[in-house]
file coords.cif (mmCIF, N, CA and C atoms)
data_upload
#
loop_
_atom_site.label_atom_id
_atom_site.label_comp_id
_atom_site.auth_asym_id
_atom_site.auth_seq_id
_atom_site.Cartn_x
_atom_site.Cartn_y
_atom_site.Cartn_z
N MET A 1 14.52 -33.58 50.76
CA MET A 1 13.77 -33.56 49.54
C MET A 1 12.92 -32.30 49.42
N GLN A 2 12.53 -31.70 50.50
CA GLN A 2 11.69 -30.53 50.44
C GLN A 2 12.45 -29.30 49.98
N LYS A 3 13.75 -29.30 50.03
CA LYS A 3 14.54 -28.16 49.62
C LYS A 3 14.86 -28.17 48.12
N GLU A 4 14.48 -29.18 47.42
CA GLU A 4 14.74 -29.27 45.98
C GLU A 4 13.75 -28.41 45.21
N ARG A 5 14.23 -27.76 44.15
CA ARG A 5 13.36 -26.98 43.27
C ARG A 5 12.58 -27.89 42.35
N VAL A 6 11.34 -27.50 42.08
CA VAL A 6 10.54 -28.26 41.14
C VAL A 6 10.85 -27.81 39.72
N PHE A 7 10.95 -26.46 39.51
CA PHE A 7 11.26 -25.90 38.19
C PHE A 7 12.63 -25.26 38.23
N LYS A 8 13.39 -25.44 37.17
CA LYS A 8 14.67 -24.76 37.05
C LYS A 8 14.49 -23.55 36.16
N LYS A 9 15.27 -22.52 36.37
CA LYS A 9 15.13 -21.26 35.61
C LYS A 9 15.32 -21.46 34.12
N ARG A 10 16.23 -22.32 33.74
CA ARG A 10 16.49 -22.47 32.31
C ARG A 10 15.33 -23.11 31.57
N TYR A 11 14.52 -23.90 32.26
CA TYR A 11 13.36 -24.51 31.60
C TYR A 11 12.26 -23.49 31.33
N ILE A 12 12.26 -22.41 32.04
CA ILE A 12 11.28 -21.35 31.81
C ILE A 12 11.89 -20.25 30.94
N LEU A 13 13.13 -19.96 31.11
CA LEU A 13 13.78 -18.87 30.39
C LEU A 13 13.88 -19.15 28.89
N ILE A 14 14.19 -20.36 28.50
CA ILE A 14 14.37 -20.69 27.08
C ILE A 14 13.04 -20.57 26.31
N PRO A 15 11.91 -21.12 26.77
CA PRO A 15 10.65 -20.90 26.02
C PRO A 15 10.23 -19.43 25.99
N VAL A 16 10.45 -18.71 27.07
CA VAL A 16 10.10 -17.29 27.08
C VAL A 16 10.95 -16.54 26.06
N LEU A 17 12.21 -16.89 25.94
CA LEU A 17 13.10 -16.27 24.96
C LEU A 17 12.62 -16.56 23.54
N PHE A 18 12.22 -17.80 23.27
CA PHE A 18 11.71 -18.14 21.94
C PHE A 18 10.41 -17.40 21.62
N VAL A 19 9.54 -17.24 22.59
CA VAL A 19 8.29 -16.51 22.38
C VAL A 19 8.58 -15.05 22.08
N LEU A 20 9.51 -14.44 22.79
CA LEU A 20 9.88 -13.05 22.53
C LEU A 20 10.48 -12.87 21.14
N ILE A 21 11.30 -13.79 20.70
CA ILE A 21 11.88 -13.73 19.35
C ILE A 21 10.77 -13.87 18.30
N TRP A 22 9.83 -14.77 18.52
CA TRP A 22 8.72 -14.98 17.60
C TRP A 22 7.83 -13.74 17.51
N VAL A 23 7.51 -13.11 18.62
CA VAL A 23 6.70 -11.89 18.63
C VAL A 23 7.44 -10.75 17.93
N GLY A 24 8.74 -10.62 18.16
CA GLY A 24 9.54 -9.61 17.47
C GLY A 24 9.56 -9.83 15.97
N TRP A 25 9.65 -11.05 15.53
CA TRP A 25 9.65 -11.40 14.10
C TRP A 25 8.31 -10.99 13.46
N ILE A 26 7.21 -11.30 14.11
CA ILE A 26 5.89 -10.94 13.59
C ILE A 26 5.73 -9.43 13.56
N PHE A 27 6.14 -8.73 14.61
CA PHE A 27 6.03 -7.28 14.66
C PHE A 27 6.84 -6.63 13.55
N TYR A 28 8.02 -7.16 13.28
CA TYR A 28 8.87 -6.62 12.21
C TYR A 28 8.17 -6.72 10.85
N PHE A 29 7.57 -7.85 10.55
CA PHE A 29 6.96 -8.01 9.24
C PHE A 29 5.59 -7.35 9.13
N MET A 30 4.93 -7.07 10.24
CA MET A 30 3.67 -6.33 10.17
C MET A 30 3.91 -4.86 9.91
N THR A 31 5.07 -4.35 10.26
CA THR A 31 5.40 -2.95 10.02
C THR A 31 6.40 -2.81 8.89
N PHE A 32 6.50 -3.83 8.04
CA PHE A 32 7.44 -3.81 6.93
C PHE A 32 7.04 -2.73 5.92
N PRO A 33 7.96 -1.85 5.56
CA PRO A 33 7.59 -0.77 4.65
C PRO A 33 7.35 -1.26 3.23
N VAL A 34 6.38 -0.65 2.60
CA VAL A 34 6.05 -0.96 1.21
C VAL A 34 6.67 0.14 0.35
N GLY A 35 7.45 -0.26 -0.64
CA GLY A 35 8.10 0.73 -1.50
C GLY A 35 7.18 1.21 -2.61
N GLN A 36 7.09 2.53 -2.76
CA GLN A 36 6.26 3.11 -3.82
C GLN A 36 7.12 4.01 -4.69
N ASP A 37 7.03 3.80 -5.98
CA ASP A 37 7.73 4.63 -6.96
C ASP A 37 6.69 5.31 -7.85
N LEU A 38 6.99 6.54 -8.24
CA LEU A 38 6.08 7.27 -9.13
C LEU A 38 6.12 6.61 -10.51
N PHE A 39 4.97 6.15 -10.97
CA PHE A 39 4.88 5.44 -12.23
C PHE A 39 4.43 6.36 -13.36
N LYS A 40 3.42 7.21 -13.07
CA LYS A 40 2.87 8.07 -14.11
C LYS A 40 2.14 9.25 -13.46
N LYS A 41 2.17 10.38 -14.13
CA LYS A 41 1.45 11.56 -13.67
C LYS A 41 0.66 12.12 -14.84
N THR A 42 -0.61 12.48 -14.59
CA THR A 42 -1.47 13.04 -15.62
C THR A 42 -2.20 14.25 -15.05
N LYS A 43 -2.18 15.34 -15.80
CA LYS A 43 -2.91 16.53 -15.37
C LYS A 43 -4.38 16.35 -15.73
N VAL A 44 -5.24 16.45 -14.73
CA VAL A 44 -6.68 16.28 -14.95
C VAL A 44 -7.33 17.64 -15.21
N ASN A 45 -7.09 18.58 -14.32
CA ASN A 45 -7.58 19.94 -14.49
C ASN A 45 -6.70 20.86 -13.63
N ASN A 46 -7.13 22.11 -13.42
CA ASN A 46 -6.31 23.05 -12.65
C ASN A 46 -6.31 22.74 -11.16
N LEU A 47 -7.20 21.87 -10.70
CA LEU A 47 -7.29 21.56 -9.28
C LEU A 47 -6.49 20.32 -8.88
N VAL A 48 -6.55 19.27 -9.70
CA VAL A 48 -5.92 18.00 -9.32
C VAL A 48 -5.11 17.40 -10.45
N ASN A 49 -4.14 16.60 -10.04
CA ASN A 49 -3.36 15.75 -10.93
C ASN A 49 -3.61 14.30 -10.53
N LEU A 50 -3.53 13.42 -11.51
CA LEU A 50 -3.62 11.99 -11.25
C LEU A 50 -2.21 11.45 -11.11
N TYR A 51 -1.92 10.84 -9.98
CA TYR A 51 -0.63 10.19 -9.75
C TYR A 51 -0.85 8.69 -9.65
N ILE A 52 0.00 7.94 -10.34
CA ILE A 52 -0.04 6.48 -10.27
C ILE A 52 1.31 6.03 -9.73
N THR A 53 1.27 5.26 -8.64
CA THR A 53 2.51 4.74 -8.07
C THR A 53 2.55 3.23 -8.26
N GLN A 54 3.76 2.75 -8.50
CA GLN A 54 3.99 1.32 -8.62
C GLN A 54 4.48 0.84 -7.26
N THR A 55 3.77 -0.11 -6.68
CA THR A 55 4.05 -0.54 -5.32
C THR A 55 4.57 -1.96 -5.32
N SER A 56 5.63 -2.17 -4.57
CA SER A 56 6.21 -3.50 -4.43
C SER A 56 6.42 -3.79 -2.95
N ALA A 57 5.95 -4.95 -2.51
CA ALA A 57 6.11 -5.34 -1.12
C ALA A 57 7.24 -6.36 -0.96
N GLY A 58 7.96 -6.66 -2.03
CA GLY A 58 9.07 -7.59 -1.93
C GLY A 58 9.17 -8.45 -3.18
N ALA A 59 10.13 -9.36 -3.15
CA ALA A 59 10.41 -10.18 -4.32
C ALA A 59 9.33 -11.24 -4.57
N ALA A 60 8.60 -11.63 -3.56
CA ALA A 60 7.61 -12.69 -3.70
C ALA A 60 6.24 -12.17 -4.11
N THR A 61 6.07 -10.88 -4.25
CA THR A 61 4.77 -10.31 -4.61
C THR A 61 4.86 -9.60 -5.95
N SER A 62 3.73 -9.53 -6.65
CA SER A 62 3.70 -8.80 -7.92
C SER A 62 3.43 -7.33 -7.64
N PHE A 63 3.64 -6.51 -8.65
CA PHE A 63 3.41 -5.08 -8.50
C PHE A 63 1.92 -4.79 -8.41
N SER A 64 1.60 -3.76 -7.66
CA SER A 64 0.25 -3.21 -7.67
C SER A 64 0.37 -1.72 -7.96
N TYR A 65 -0.68 -1.16 -8.50
CA TYR A 65 -0.66 0.23 -8.93
C TYR A 65 -1.73 0.99 -8.15
N HIS A 66 -1.29 2.04 -7.46
CA HIS A 66 -2.17 2.84 -6.63
C HIS A 66 -2.44 4.16 -7.35
N TYR A 67 -3.70 4.54 -7.45
CA TYR A 67 -4.14 5.75 -8.15
C TYR A 67 -4.55 6.80 -7.12
N PHE A 68 -3.95 7.98 -7.22
CA PHE A 68 -4.22 9.08 -6.29
C PHE A 68 -4.64 10.32 -7.06
N LEU A 69 -5.51 11.12 -6.47
CA LEU A 69 -5.78 12.47 -6.95
C LEU A 69 -5.15 13.41 -5.94
N TYR A 70 -4.28 14.31 -6.42
CA TYR A 70 -3.51 15.17 -5.51
C TYR A 70 -3.53 16.59 -6.04
N ASP A 71 -3.36 17.53 -5.16
CA ASP A 71 -3.41 18.96 -5.46
C ASP A 71 -2.46 19.32 -6.62
N ALA A 72 -2.97 20.03 -7.61
CA ALA A 72 -2.17 20.38 -8.79
C ALA A 72 -1.16 21.49 -8.50
N ASN A 73 -1.35 22.23 -7.42
CA ASN A 73 -0.42 23.31 -7.09
C ASN A 73 0.86 22.81 -6.43
N LYS A 74 0.90 21.54 -6.06
CA LYS A 74 2.08 20.98 -5.41
C LYS A 74 2.87 20.13 -6.41
N ASP A 75 4.16 19.97 -6.15
CA ASP A 75 5.01 19.26 -7.11
C ASP A 75 5.10 17.77 -6.76
N ASP A 76 5.84 17.05 -7.63
CA ASP A 76 5.98 15.61 -7.48
C ASP A 76 6.70 15.22 -6.19
N ALA A 77 7.72 15.97 -5.81
CA ALA A 77 8.47 15.66 -4.60
C ALA A 77 7.58 15.78 -3.36
N ASP A 78 6.71 16.77 -3.35
CA ASP A 78 5.80 16.93 -2.22
C ASP A 78 4.82 15.76 -2.16
N PHE A 79 4.35 15.31 -3.31
CA PHE A 79 3.46 14.15 -3.33
C PHE A 79 4.17 12.91 -2.79
N MET A 80 5.38 12.66 -3.23
CA MET A 80 6.11 11.47 -2.79
C MET A 80 6.45 11.53 -1.30
N ASP A 81 6.61 12.74 -0.76
CA ASP A 81 6.86 12.86 0.68
C ASP A 81 5.62 12.51 1.49
N HIS A 82 4.44 12.75 0.93
CA HIS A 82 3.19 12.54 1.65
C HIS A 82 2.40 11.32 1.15
N VAL A 83 2.97 10.51 0.31
CA VAL A 83 2.23 9.40 -0.29
C VAL A 83 1.78 8.38 0.76
N GLU A 84 2.52 8.21 1.83
CA GLU A 84 2.14 7.24 2.86
C GLU A 84 0.87 7.67 3.60
N ARG A 85 0.62 8.97 3.66
CA ARG A 85 -0.56 9.48 4.37
C ARG A 85 -1.77 9.64 3.47
N GLU A 86 -1.58 9.54 2.17
CA GLU A 86 -2.68 9.68 1.22
C GLU A 86 -3.39 8.33 1.04
N THR A 87 -4.66 8.40 0.68
CA THR A 87 -5.44 7.19 0.43
C THR A 87 -5.71 7.08 -1.06
N PRO A 88 -5.32 5.97 -1.70
CA PRO A 88 -5.59 5.84 -3.13
C PRO A 88 -7.08 5.59 -3.38
N PHE A 89 -7.57 6.11 -4.49
CA PHE A 89 -8.97 5.85 -4.81
C PHE A 89 -9.13 4.54 -5.57
N MET A 90 -8.02 4.01 -6.12
CA MET A 90 -8.09 2.72 -6.78
C MET A 90 -6.75 2.00 -6.63
N ILE A 91 -6.84 0.69 -6.43
CA ILE A 91 -5.67 -0.18 -6.39
C ILE A 91 -5.93 -1.33 -7.36
N THR A 92 -5.01 -1.53 -8.28
CA THR A 92 -5.16 -2.57 -9.29
C THR A 92 -3.82 -3.23 -9.57
N ASP A 93 -3.86 -4.33 -10.31
CA ASP A 93 -2.62 -4.98 -10.73
C ASP A 93 -2.32 -4.76 -12.21
N ASP A 94 -3.13 -3.95 -12.88
CA ASP A 94 -2.96 -3.67 -14.30
C ASP A 94 -2.02 -2.49 -14.51
N GLY A 95 -0.81 -2.77 -14.97
CA GLY A 95 0.17 -1.71 -15.23
C GLY A 95 -0.04 -1.00 -16.55
N THR A 96 -0.92 -1.54 -17.39
CA THR A 96 -1.17 -0.94 -18.70
C THR A 96 -2.55 -0.29 -18.76
N ALA A 97 -3.10 0.07 -17.62
CA ALA A 97 -4.42 0.70 -17.60
C ALA A 97 -4.37 2.02 -18.35
N ASN A 98 -5.41 2.29 -19.11
CA ASN A 98 -5.48 3.48 -19.95
C ASN A 98 -6.18 4.59 -19.19
N THR A 99 -5.54 5.77 -19.11
CA THR A 99 -6.15 6.93 -18.46
C THR A 99 -6.32 8.02 -19.50
N THR A 100 -7.54 8.56 -19.59
CA THR A 100 -7.87 9.62 -20.54
C THR A 100 -8.64 10.70 -19.81
N VAL A 101 -8.34 11.95 -20.16
CA VAL A 101 -9.06 13.09 -19.60
C VAL A 101 -9.81 13.78 -20.73
N LYS A 102 -11.15 13.90 -20.58
CA LYS A 102 -11.99 14.59 -21.57
C LYS A 102 -13.01 15.44 -20.82
N ASP A 103 -13.09 16.68 -21.18
CA ASP A 103 -14.09 17.60 -20.62
C ASP A 103 -14.07 17.64 -19.09
N GLY A 104 -12.91 17.57 -18.51
CA GLY A 104 -12.78 17.63 -17.05
C GLY A 104 -13.17 16.35 -16.34
N GLN A 105 -13.37 15.28 -17.09
CA GLN A 105 -13.70 13.99 -16.50
C GLN A 105 -12.55 13.02 -16.74
N LEU A 106 -12.36 12.11 -15.81
CA LEU A 106 -11.29 11.12 -15.89
C LEU A 106 -11.89 9.78 -16.30
N TYR A 107 -11.38 9.22 -17.39
CA TYR A 107 -11.82 7.92 -17.88
C TYR A 107 -10.70 6.92 -17.66
N LEU A 108 -11.02 5.83 -16.97
CA LEU A 108 -10.05 4.77 -16.68
C LEU A 108 -10.53 3.47 -17.34
N ARG A 109 -9.63 2.81 -18.04
CA ARG A 109 -9.93 1.52 -18.64
C ARG A 109 -8.94 0.51 -18.06
N VAL A 110 -9.44 -0.41 -17.25
CA VAL A 110 -8.60 -1.37 -16.53
C VAL A 110 -8.95 -2.77 -16.99
N ARG A 111 -7.95 -3.53 -17.34
CA ARG A 111 -8.09 -4.93 -17.71
C ARG A 111 -7.24 -5.74 -16.73
N GLY A 112 -7.84 -6.13 -15.64
CA GLY A 112 -7.14 -6.87 -14.59
C GLY A 112 -7.93 -6.79 -13.30
N ASN A 113 -7.31 -7.18 -12.24
CA ASN A 113 -7.97 -7.18 -10.94
C ASN A 113 -7.98 -5.78 -10.35
N ILE A 114 -9.10 -5.39 -9.78
CA ILE A 114 -9.21 -4.14 -9.01
C ILE A 114 -9.43 -4.56 -7.57
N TYR A 115 -8.49 -4.20 -6.71
CA TYR A 115 -8.56 -4.61 -5.31
C TYR A 115 -9.35 -3.61 -4.47
N SER A 116 -9.35 -2.35 -4.87
CA SER A 116 -10.05 -1.32 -4.11
C SER A 116 -10.43 -0.19 -5.06
N TYR A 117 -11.64 0.36 -4.86
CA TYR A 117 -12.08 1.48 -5.69
C TYR A 117 -13.06 2.33 -4.90
N THR A 118 -12.84 3.65 -4.90
CA THR A 118 -13.73 4.60 -4.24
C THR A 118 -13.95 5.77 -5.19
N ASN A 119 -15.22 6.12 -5.41
CA ASN A 119 -15.54 7.21 -6.32
C ASN A 119 -16.43 8.21 -5.60
N ALA A 120 -15.94 8.72 -4.48
CA ALA A 120 -16.75 9.68 -3.72
C ALA A 120 -15.84 10.74 -3.11
N GLY A 121 -16.32 11.97 -3.14
CA GLY A 121 -15.60 13.05 -2.48
C GLY A 121 -14.47 13.67 -3.28
N TYR A 122 -14.46 13.48 -4.58
CA TYR A 122 -13.42 14.06 -5.42
C TYR A 122 -14.00 15.19 -6.26
N PRO A 123 -13.18 16.20 -6.60
CA PRO A 123 -13.72 17.34 -7.35
C PRO A 123 -13.94 17.07 -8.84
N ILE A 124 -13.70 15.85 -9.28
CA ILE A 124 -13.93 15.49 -10.69
C ILE A 124 -14.75 14.21 -10.75
N ARG A 125 -15.29 13.94 -11.91
CA ARG A 125 -16.04 12.71 -12.12
C ARG A 125 -15.09 11.66 -12.68
N ILE A 126 -15.15 10.46 -12.10
CA ILE A 126 -14.29 9.35 -12.52
C ILE A 126 -15.18 8.30 -13.16
N ASN A 127 -14.87 7.95 -14.41
CA ASN A 127 -15.61 6.92 -15.15
C ASN A 127 -14.70 5.70 -15.30
N LEU A 128 -15.17 4.55 -14.83
CA LEU A 128 -14.35 3.35 -14.83
C LEU A 128 -14.94 2.31 -15.76
N ASP A 129 -14.10 1.80 -16.67
CA ASP A 129 -14.44 0.69 -17.55
C ASP A 129 -13.48 -0.44 -17.16
N ALA A 130 -14.02 -1.48 -16.52
CA ALA A 130 -13.17 -2.53 -16.01
C ALA A 130 -13.68 -3.90 -16.43
N SER A 131 -12.74 -4.81 -16.68
CA SER A 131 -13.07 -6.21 -16.92
C SER A 131 -11.86 -7.03 -16.50
N PRO A 132 -12.11 -8.27 -16.05
CA PRO A 132 -11.01 -9.12 -15.65
C PRO A 132 -10.33 -9.75 -16.86
N TYR A 133 -9.32 -9.12 -17.38
CA TYR A 133 -8.51 -9.58 -18.50
C TYR A 133 -9.26 -9.69 -19.74
#
call {"tool": "encode", "arguments": {"input": "coords.cif", "output": "structure tokens"}}
result
Amino acid sequence: MQKERVFKKRYILIPVLFVLIWVGWIFYFMTFPVGQDLFKKTKVNNLVNLYITQTSAGAATSFSYHYFLYDANKDDADFMDHVERETPFMITDDGTANTTVKDGQLYLRVRGNIYSYTNAGYPIRINLDASPY
């Protein structure tokens, strides 16, 4: 009786295999790429352009719109190549937000949810008029 095993390999191997599959599944979806398409471009001044990208994380999520200020001397393809490294100054779900440029200032009128907004460190003044619907 002393030579008998208490644990068999298959009783340990199968749960370890399931845990590894579960961790791989979570890691895959945490690094899932978010698709961004150029939605609109507006020239603000000689220094920056306003780029708006339409972002989709899959079929179960609605679109969100990311607003970027990017160097006016660079083209659209260069912006799209570097969009993953850029930080948007505003993220909203309003696809019909109105953007107007007057006297070197950017006026945004958003009717919907704003998930993120930063108005610091940009070479232009950003004026935001927002309300929830």
call {"tool": "atom_distance", "arguments": {"input": "coords.cif", "atom1": "CA of Arg109 in chain A", "atom2": "CA of Arg85 in chain A"}}
result
26.1 Å
call {"tool": "residues_around", "arguments": {"input": "coords.cif", "residues": "range 95-98 of chain A", "least_positions_apart": "6", "cutoff": "7 Å", "atoms": "only N, CA and C atoms", "output": "JSON, numbers by chain"}}
result
{"A": [65, 107, 108, 109, 110, 111]}
call {"tool": "closest_residue", "arguments": {"input": "coords.cif", "among": "A:Ile126, A:Ile52, A:Val23, A:Val83", "to": "His66 in chain A", "atoms": "all atoms listed in the file"}}
result
A:Ile52
call {"tool": "closest_residue", "arguments": {"input": "coords.cif", "among": "A:Ala60, A:Asp94, A:Asn73, A:Thr99", "to": "Thr42 in chain A", "atoms": "only C-alpha atoms"}}
result
A:Thr99
call {"tool": "resolve_selection", "arguments": {"input": "coords.cif", "expression": "the PyMOL selection byres ((chain A and resi 25-41) around 6.5)", "output": "ChimeraX atom specification"}}
result
/A:20-24,42-43,49-57
call {"tool": "residues_around", "arguments": {"input": "coords.cif", "residues": "Pro123 in chain A", "least_positions_apart": "4", "cutoff": "12 Å", "atoms": "only C-alpha atoms", "output": "number ranges by chain"}}
result
A: 44-49, 69-71, 104-106, 119
call {"tool": "atom_distance", "arguments": {"input": "coords.cif", "atom1": "atom C of Met90 in chain A", "atom2": "CA of Ser116 in chain A"}}
result
5.3 Å
call {"tool": "select_by_dssp", "arguments": {"input": "coords.cif", "residues": "chain A", "states": "helix (DSSP H, G or I)", "output": "ChimeraX atom specification"}}
result
/A:9-30,76-82
call {"tool": "select_by_dssp", "arguments": {"input": "coords.cif", "residues": "chain A", "states": "strand (DSSP E or B)", "output": "PyMOL selection string"}}
result
chain A and resi 35-43+48-56+64-71+90-92+98-102+105-111+114-117+125-131
call {"tool": "atom_distance", "arguments": {"input": "coords.cif", "atom1": "CA of Asp78 in chain A", "atom2": "CA of Thr92 in chain A"}}
result
23.5 Å
call {"tool": "resolve_selection", "arguments": {"input": "coords.cif", "expression": "the PyMOL selection byres ((chain A and resi 114) around 6)", "output": "list in words"}}
result
Ile91, Thr92, Asp93, Gly112, Asn113, Tyr115 and Ser116 of chain A
call {"tool": "axis_aligned_box", "arguments": {"input": "coords.cif", "around": "range 45-61 of chain A", "padding_each_side": "5 Å", "output": "JSON"}}
result
{"center_x": 1.4, "center_y": 5.2, "center_z": -7.7, "size_x": 28.0, "size_y": 45.7, "size_z": 23.5}
call {"tool": "decode", "arguments": {"input": "coords.cif", "residues": "range 108-133 of chain A", "atoms": "N, CA and C atoms", "output": "short mmCIF file (atom, residue, chain, number, x, y, z; two decimals), in the first residue's frame"}}
result
data_model
loop_
_atom_site.label_atom_id
_atom_site.label_comp_id
_atom_site.auth_asym_id
_atom_site.auth_seq_id
_atom_site.Cartn_x
_atom_site.Cartn_y
_atom_site.Cartn_z
N LEU A 108 -16.22 73.62 -30.11
CA LEU A 108 -16.84 72.29 -30.22
C LEU A 108 -18.21 72.32 -29.54
N ARG A 109 -19.20 71.80 -30.24
CA ARG A 109 -20.54 71.68 -29.68
C ARG A 109 -20.91 70.20 -29.69
N VAL A 110 -21.00 69.61 -28.51
CA VAL A 110 -21.23 68.17 -28.37
C VAL A 110 -22.55 67.95 -27.66
N ARG A 111 -23.38 67.11 -28.22
CA ARG A 111 -24.65 66.71 -27.63
C ARG A 111 -24.60 65.19 -27.44
N GLY A 112 -24.11 64.78 -26.30
CA GLY A 112 -23.94 63.35 -26.01
C GLY A 112 -22.97 63.18 -24.86
N ASN A 113 -22.55 61.98 -24.66
CA ASN A 113 -21.63 61.67 -23.57
C ASN A 113 -20.21 62.05 -23.95
N ILE A 114 -19.50 62.66 -23.02
CA ILE A 114 -18.07 62.92 -23.17
C ILE A 114 -17.37 62.04 -22.15
N TYR A 115 -16.55 61.12 -22.64
CA TYR A 115 -15.88 60.17 -21.75
C TYR A 115 -14.55 60.71 -21.24
N SER A 116 -13.91 61.58 -22.01
CA SER A 116 -12.62 62.13 -21.61
C SER A 116 -12.44 63.48 -22.29
N TYR A 117 -11.87 64.43 -21.54
CA TYR A 117 -11.60 65.76 -22.11
C TYR A 117 -10.40 66.38 -21.41
N THR A 118 -9.46 66.90 -22.19
CA THR A 118 -8.28 67.58 -21.67
C THR A 118 -8.08 68.85 -22.48
N ASN A 119 -7.93 69.98 -21.78
CA ASN A 119 -7.75 71.26 -22.47
C ASN A 119 -6.50 71.93 -21.93
N ALA A 120 -5.38 71.24 -22.03
CA ALA A 120 -4.13 71.82 -21.52
C ALA A 120 -2.98 71.42 -22.43
N GLY A 121 -2.09 72.36 -22.65
CA GLY A 121 -0.88 72.06 -23.40
C GLY A 121 -1.02 72.10 -24.91
N TYR A 122 -2.04 72.73 -25.42
CA TYR A 122 -2.23 72.81 -26.86
C TYR A 122 -1.97 74.24 -27.34
N PRO A 123 -1.50 74.40 -28.58
CA PRO A 123 -1.17 75.75 -29.06
C PRO A 123 -2.38 76.60 -29.44
N ILE A 124 -3.58 76.08 -29.25
CA ILE A 124 -4.80 76.85 -29.56
C ILE A 124 -5.74 76.77 -28.37
N ARG A 125 -6.72 77.65 -28.36
CA ARG A 125 -7.73 77.63 -27.31
C ARG A 125 -8.90 76.80 -27.79
N ILE A 126 -9.38 75.90 -26.92
CA ILE A 126 -10.51 75.02 -27.24
C ILE A 126 -11.67 75.43 -26.37
N ASN A 127 -12.80 75.76 -27.02
CA ASN A 127 -14.03 76.14 -26.32
C ASN A 127 -15.05 75.02 -26.50
N LEU A 128 -15.54 74.49 -25.39
CA LEU A 128 -16.44 73.35 -25.45
C LEU A 128 -17.82 73.73 -24.94
N ASP A 129 -18.84 73.44 -25.76
CA ASP A 129 -20.24 73.60 -25.38
C ASP A 129 -20.83 72.18 -25.40
N ALA A 130 -21.12 71.65 -24.22
CA ALA A 130 -21.57 70.27 -24.13
C ALA A 130 -22.83 70.15 -23.30
N SER A 131 -23.69 69.22 -23.69
CA SER A 131 -24.86 68.87 -22.90
C SER A 131 -25.22 67.43 -23.24
N PRO A 132 -25.80 66.72 -22.26
CA PRO A 132 -26.17 65.34 -22.52
C PRO A 132 -27.48 65.26 -23.29
N TYR A 133 -27.42 65.21 -24.58
CA TYR A 133 -28.55 65.08 -25.49
C TYR A 133 -29.46 66.22 -25.44
#
